[in-house]
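**Student:** Got a structure here, written out as structure tokens. Questions coming.
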Amino acid sequence: MDFRTTIRTPDNRQWLRHEDELMLIGSCFSDNIGSRLRAAMMLADVNPTGTVYNPMSVAATVNRIIRNEPVAGMDLIEQGGMWFSYDFHSRYSMPDKQAALTRMNRRIEAAHNHLKTSRAMIITLGTSVVYRLRSTGRVVANCHKVPAAEFAREMASTGEITRCLREMTEQLKAFRPDLHIIFTVSPIRHIADGLDQNSLSKARLRVAVSEIIEEFGARDVEYFPAYEIMLDDLRDYRFYAADMIHPSDVAIEYIWQAFQATCFDDRSAQAVARCERVGKRLQHRPINPSREAHDRFNTDTRAVVRNLLRQYPYLDKIKEISAITGEE
């Protein structure tokens, strides 16, 4: 007797290759998968402007990167001695306005250049709920703890979400015709307004993505069922973190394994596994304090890295690898 509903995803779809450059944008699930891709020594640019939850802000971020559109000084807001943008995470906020602008615009330029050579973009949608500035009507990506009275909170309709994702996808395909787009819906629940509203919010995202795939074709646009894996396959609360909202580390690892099986061919999956092992070695801190043991470990590590580079020469772009080979 089977006591689970297993979500079976097709294996070896070959959406991604280990040597590919990637970009991930969206909710914190993008951060989770992005950290796994980086641990596997893949060139992944993850959330260049910070974590983005709603589809309107995701689309606005993608379009800014495509156009390499700089942030203007008039777009920044000052509060509590810090200058910030509603389109960027608070880590870009600074007490000096020009310094904040420079940091933001350099990041946009770097993302634009990375997208030029990316084979795929992974977009994770978190919620249909948007916050609009009452003064302008624009949707913000980050409220920056500005008083709630400054915003109008609403749930975007399926039609609104579909339109903004359609325009974004058209812009992406015009900029990078061979770009592969992978949508996911975040498995993280937004329950401030209740589970019924969370279900409605996720459903609108899922329907909109389905319509985009139907319009553009599965050859260019795909969906990975992270939300469905969490909701149905891992439905027990033991797969949630202590807040009962976010997936646990075990759940994230399970979804990551499913993602690998779906997206990579066998050769790339083997490269991922090997690079993960080497990556752990690079993070290792020797327990034995003796200089001789430490030097021996470093020598062995350099030999391991040289062997890795012989098999996967494109890894010379990874800074942890180049740092070691540059020492020789």
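Here, A, B, ... name the chains of the structure tokens in the order displayed, residue numbers run from 1 inside each chain, and ligands are numbered from 1 in the same displayed order.
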List every residue of stretch 185-316 of chain A that DSSP, applied to the backbone of this structure, assigns to strand (DSSP E), and report them as a ChimeraX atom specification.
**Tutor:** /A:185,221-223
**Student:** Do you know which residues are at most 12 Å from A:Tyr240 counting only C-alpha atoms, after dropping those on the same chain fewer than 4 positions away, and could you put them as a list in words?
**Tutor:**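 Non-adjacent residues within range: Pro187, Ile188, Arg189, Met230, Leu231, Leu234, Arg235, Asp236, Met244, Ile245, His246, Pro247, Ser248, Asp249, Val250, Ala251 and Ile252 of chain A.
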**Student:** Selection from above, C-alpha atoms, as a PDB file, in the first residue's frame, can you write it?
**Tutor:**
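Dumped everything to out07.pdb:
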```pdb
ATOM      1  CA  PRO A 187       6.064  26.154  -2.559  1.00  0.00           C
ATOM      2  CA  ILE A 188       6.305  28.717   0.247  1.00  0.00           C
ATOM      3  CA  ARG A 189       2.862  29.568   1.601  1.00  0.00           C
ATOM      4  CA  MET A 230       5.588  20.312  -1.796  1.00  0.00           C
ATOM      5  CA  LEU A 231       1.794  20.399  -1.655  1.00  0.00           C
ATOM      6  CA  LEU A 234       5.686  16.249   0.743  1.00  0.00           C
ATOM      7  CA  ARG A 235       2.401  17.151   2.386  1.00  0.00           C
ATOM      8  CA  ASP A 236       3.454  16.073   5.903  1.00  0.00           C
ATOM      9  CA  MET A 244       5.228  25.663   9.291  1.00  0.00           C
ATOM     10  CA  ILE A 245       5.415  27.869   6.190  1.00  0.00           C
ATOM     11  CA  HIS A 246       8.801  27.394   4.575  1.00  0.00           C
ATOM     12  CA  PRO A 247      10.060  24.029   3.301  1.00  0.00           C
ATOM     13  CA  SER A 248      12.617  22.329   5.511  1.00  0.00           C
ATOM     14  CA  ASP A 249      16.164  21.664   4.337  1.00  0.00           C
ATOM     15  CA  VAL A 250      15.144  18.062   3.665  1.00  0.00           C
ATOM     16  CA  ALA A 251      12.246  19.213   1.470  1.00  0.00           C
ATOM     17  CA  ILE A 252      14.441  21.649  -0.455  1.00  0.00           C
TER      18      ILE A 252
END
```
**Student:** Write out as a PyMOL selection string the set of residues from stretch 43-290 of chain A that DSSP, computed on the backbone, places in helix (DSSP H, G or I).
**Tutor:** chain A and resi 55-67+73-75+90-92+97-116+148-150+158-175+195-216+226-233+237-239+249-263+266-283
**Student:** Filtering to C-alpha atoms, could you give me those residues as a CSV table (one decimal), in the first residue's frame?
**Tutor:**
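Saved file result.csv follows:
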```csv
chain,number,residue,atom,x,y,z
A,55,PRO,CA,4.7,38.7,-11.1
A,56,MET,CA,4.4,42.4,-11.9
A,57,SER,CA,7.7,43.1,-10.1
A,58,VAL,CA,9.3,40.0,-11.6
A,59,ALA,CA,8.4,41.2,-15.1
A,60,ALA,CA,9.6,44.8,-14.3
A,61,THR,CA,12.9,43.5,-13.1
A,62,VAL,CA,13.4,41.3,-16.1
A,63,ASN,CA,12.5,44.1,-18.5
A,64,ARG,CA,14.9,46.5,-16.7
A,65,ILE,CA,17.8,44.0,-17.1
A,66,ILE,CA,17.0,43.4,-20.8
A,67,ARG,CA,17.1,47.1,-21.5
A,73,GLY,CA,18.3,59.7,-8.9
A,74,MET,CA,14.7,60.8,-8.8
A,75,ASP,CA,13.6,57.2,-8.3
A,90,SER,CA,17.3,46.7,1.3
A,91,ARG,CA,20.9,45.4,0.9
A,92,TYR,CA,21.2,48.1,-1.8
A,97,LYS,CA,22.5,58.6,-2.5
A,98,GLN,CA,25.1,58.5,-5.3
A,99,ALA,CA,26.7,55.4,-3.8
A,100,ALA,CA,23.3,53.6,-3.7
A,101,LEU,CA,22.7,54.6,-7.3
A,102,THR,CA,26.1,53.3,-8.4
A,103,ARG,CA,25.7,50.0,-6.6
A,104,MET,CA,22.2,49.4,-8.1
A,105,ASN,CA,23.3,50.4,-11.7
A,106,ARG,CA,26.4,48.3,-11.6
A,107,ARG,CA,24.4,45.3,-10.6
A,108,ILE,CA,21.8,45.9,-13.4
A,109,GLU,CA,24.7,46.2,-15.9
A,110,ALA,CA,26.3,43.0,-14.7
A,111,ALA,CA,22.9,41.2,-14.9
A,112,HIS,CA,22.4,42.5,-18.4
A,113,ASN,CA,25.8,41.2,-19.5
A,114,HIS,CA,25.1,37.8,-17.9
A,115,LEU,CA,21.7,37.5,-19.6
A,116,LYS,CA,23.4,38.0,-23.0
A,148,ALA,CA,1.3,50.5,5.3
A,149,ALA,CA,-1.0,53.5,4.7
A,150,GLU,CA,1.2,54.4,1.8
A,158,THR,CA,-5.3,36.0,-13.7
A,159,GLY,CA,-5.6,38.2,-16.8
A,160,GLU,CA,-3.3,40.9,-15.4
A,161,ILE,CA,-0.7,38.3,-14.5
A,162,THR,CA,-0.9,36.6,-17.9
A,163,ARG,CA,-0.5,39.9,-19.7
A,164,CYS,CA,2.6,41.0,-17.8
A,165,LEU,CA,4.2,37.6,-18.1
A,166,ARG,CA,3.4,37.5,-21.9
A,167,GLU,CA,5.0,40.9,-22.4
A,168,MET,CA,8.0,39.8,-20.4
A,169,THR,CA,8.4,36.6,-22.3
A,170,GLU,CA,8.1,38.4,-25.6
A,171,GLN,CA,10.9,40.8,-24.5
A,172,LEU,CA,13.1,37.9,-23.4
A,173,LYS,CA,12.7,36.0,-26.7
A,174,ALA,CA,13.4,39.2,-28.7
A,175,PHE,CA,16.5,39.8,-26.6
A,195,LEU,CA,-4.9,29.5,3.5
A,196,ASP,CA,-7.9,30.1,1.3
A,197,GLN,CA,-6.4,33.3,0.0
A,198,ASN,CA,-3.0,31.6,-0.4
A,199,SER,CA,-4.7,28.9,-2.5
A,200,LEU,CA,-6.4,31.5,-4.7
A,201,SER,CA,-3.2,33.4,-5.1
A,202,LYS,CA,-1.2,30.3,-6.1
A,203,ALA,CA,-4.0,29.2,-8.5
A,204,ARG,CA,-3.9,32.4,-10.4
A,205,LEU,CA,-0.1,32.1,-10.8
A,206,ARG,CA,-0.4,28.5,-12.0
A,207,VAL,CA,-3.2,29.3,-14.5
A,208,ALA,CA,-1.2,32.3,-15.9
A,209,VAL,CA,1.9,30.2,-16.4
A,210,SER,CA,-0.1,27.5,-18.1
A,211,GLU,CA,-1.5,30.0,-20.6
A,212,ILE,CA,2.0,31.4,-21.3
A,213,ILE,CA,3.3,27.9,-22.0
A,214,GLU,CA,0.4,27.2,-24.3
A,215,GLU,CA,1.0,30.5,-26.2
A,216,PHE,CA,4.8,30.2,-26.6
A,226,ALA,CA,8.0,22.6,-7.2
A,227,TYR,CA,4.7,23.8,-5.7
A,228,GLU,CA,2.9,20.5,-6.5
A,229,ILE,CA,5.8,18.4,-5.1
A,230,MET,CA,5.6,20.3,-1.8
A,231,LEU,CA,1.8,20.4,-1.7
A,232,ASP,CA,1.1,16.8,-2.5
A,233,ASP,CA,4.2,14.7,-2.4
A,237,TYR,CA,4.4,18.9,8.3
A,238,ARG,CA,7.7,17.1,9.0
A,239,PHE,CA,8.8,18.6,5.6
A,249,ASP,CA,16.2,21.7,4.3
A,250,VAL,CA,15.1,18.1,3.7
A,251,ALA,CA,12.2,19.2,1.5
A,252,ILE,CA,14.4,21.6,-0.5
A,253,GLU,CA,17.0,18.9,-1.1
A,254,TYR,CA,14.2,16.6,-2.3
A,255,ILE,CA,12.9,19.2,-4.7
A,256,TRP,CA,16.5,19.9,-5.8
A,257,GLN,CA,17.0,16.2,-6.6
A,258,ALA,CA,13.8,16.2,-8.6
A,259,PHE,CA,14.9,19.3,-10.4
A,260,GLN,CA,18.2,17.7,-11.4
A,261,ALA,CA,16.5,14.5,-12.6
A,262,THR,CA,14.1,16.6,-14.7
A,263,CYS,CA,16.4,19.3,-16.1
A,266,ASP,CA,23.2,12.1,-17.3
A,267,ARG,CA,26.5,13.8,-18.2
A,268,SER,CA,25.5,17.0,-16.5
A,269,ALA,CA,24.0,15.2,-13.5
A,270,GLN,CA,27.4,13.5,-13.0
A,271,ALA,CA,29.2,16.8,-13.3
A,272,VAL,CA,26.9,18.3,-10.7
A,273,ALA,CA,27.5,15.5,-8.2
A,274,ARG,CA,31.3,15.7,-8.7
A,275,CYS,CA,31.4,19.5,-8.4
A,276,GLU,CA,29.3,19.4,-5.3
A,277,ARG,CA,31.8,17.0,-3.7
A,278,VAL,CA,34.8,19.2,-4.7
A,279,GLY,CA,32.9,22.3,-3.5
A,280,LYS,CA,32.5,20.7,0.0
A,281,ARG,CA,36.2,20.0,0.0
A,282,LEU,CA,37.0,23.6,-0.8
A,283,GLN,CA,35.0,24.7,2.2
```
**Student:** Given the choices A:Pro313, A:Val305, A:Glu21, A:Ile191, which gets closest to A:Thr325 if the distance is worked out from only C-alpha atoms?
**Tutor:**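 Of the candidates, the smallest distance to A:Thr325 is held by A:Val305.
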**Student:** Residues within 7 Å of A:Met23, please, as a list in words. Count only C-alpha atoms; anything in the same chain fewer than 3 positions from it doesn't count.
**Tutor:**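 That gives Ala44, Asp45, Val46, Leu115, Ser118, Ala120, Met121 and Ile122 of chain A.
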**Student:** Do you know which residues are at most 12 Å from A:Ile77 counting only C-alpha atoms, after dropping those on the same chain fewer than 3 positions away, and could you put them as a PDB file with C-alpha atoms, in the first residue's frame?
**Tutor:**
```pdb
ATOM      1  CA  VAL A  71      17.994  53.756 -11.878  1.00  0.00           C
ATOM      2  CA  ALA A  72      17.595  57.546 -11.871  1.00  0.00           C
ATOM      3  CA  GLY A  73      18.286  59.704  -8.853  1.00  0.00           C
ATOM      4  CA  MET A  74      14.661  60.813  -8.783  1.00  0.00           C
ATOM      5  CA  GLY A  80      15.727  57.160   8.251  1.00  0.00           C
ATOM      6  CA  GLY A  81      18.964  58.379   6.727  1.00  0.00           C
ATOM      7  CA  MET A  82      19.005  55.680   4.039  1.00  0.00           C
ATOM      8  CA  TRP A  83      18.373  55.983   0.308  1.00  0.00           C
ATOM      9  CA  PHE A  84      16.472  53.118  -1.266  1.00  0.00           C
ATOM     10  CA  SER A  85      14.517  52.012  -4.332  1.00  0.00           C
ATOM     11  CA  TYR A  86      11.167  50.248  -4.246  1.00  0.00           C
ATOM     12  CA  ASP A  87      12.540  47.974  -6.988  1.00  0.00           C
ATOM     13  CA  PHE A  88      15.578  46.764  -5.008  1.00  0.00           C
ATOM     14  CA  SER A  90      17.301  46.722   1.267  1.00  0.00           C
ATOM     15  CA  SER A  93      20.159  50.879   0.508  1.00  0.00           C
ATOM     16  CA  MET A  94      22.894  53.268   1.597  1.00  0.00           C
ATOM     17  CA  PRO A  95      23.212  56.561   3.478  1.00  0.00           C
ATOM     18  CA  ASP A  96      24.890  58.123   0.425  1.00  0.00           C
ATOM     19  CA  LYS A  97      22.482  58.594  -2.492  1.00  0.00           C
ATOM     20  CA  ALA A 100      23.331  53.634  -3.684  1.00  0.00           C
ATOM     21  CA  LEU A 101      22.704  54.573  -7.325  1.00  0.00           C
ATOM     22  CA  CYS A 143       7.968  48.034   0.813  1.00  0.00           C
ATOM     23  CA  HIS A 144      11.092  48.821   2.883  1.00  0.00           C
ATOM     24  CA  VAL A 146       7.343  52.256   4.778  1.00  0.00           C
TER      25      VAL A 146
END
```
**Student:** Which residue is closest to A:Glu320? Choose from A:Asn32, A:Asn68, A:Thr301, A:Asn47 and count only C-alpha atoms.
**Tutor:** A:Thr301
**Student:** Could you state the separation of atom CA of A:Arg134 and atom CA of A:Ser27 in Å, given to one decimal place?
**Tutor:**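 Atom-to-atom, atom CA of A:Arg134 to atom CA of A:Ser27, that is 24.0 Å.
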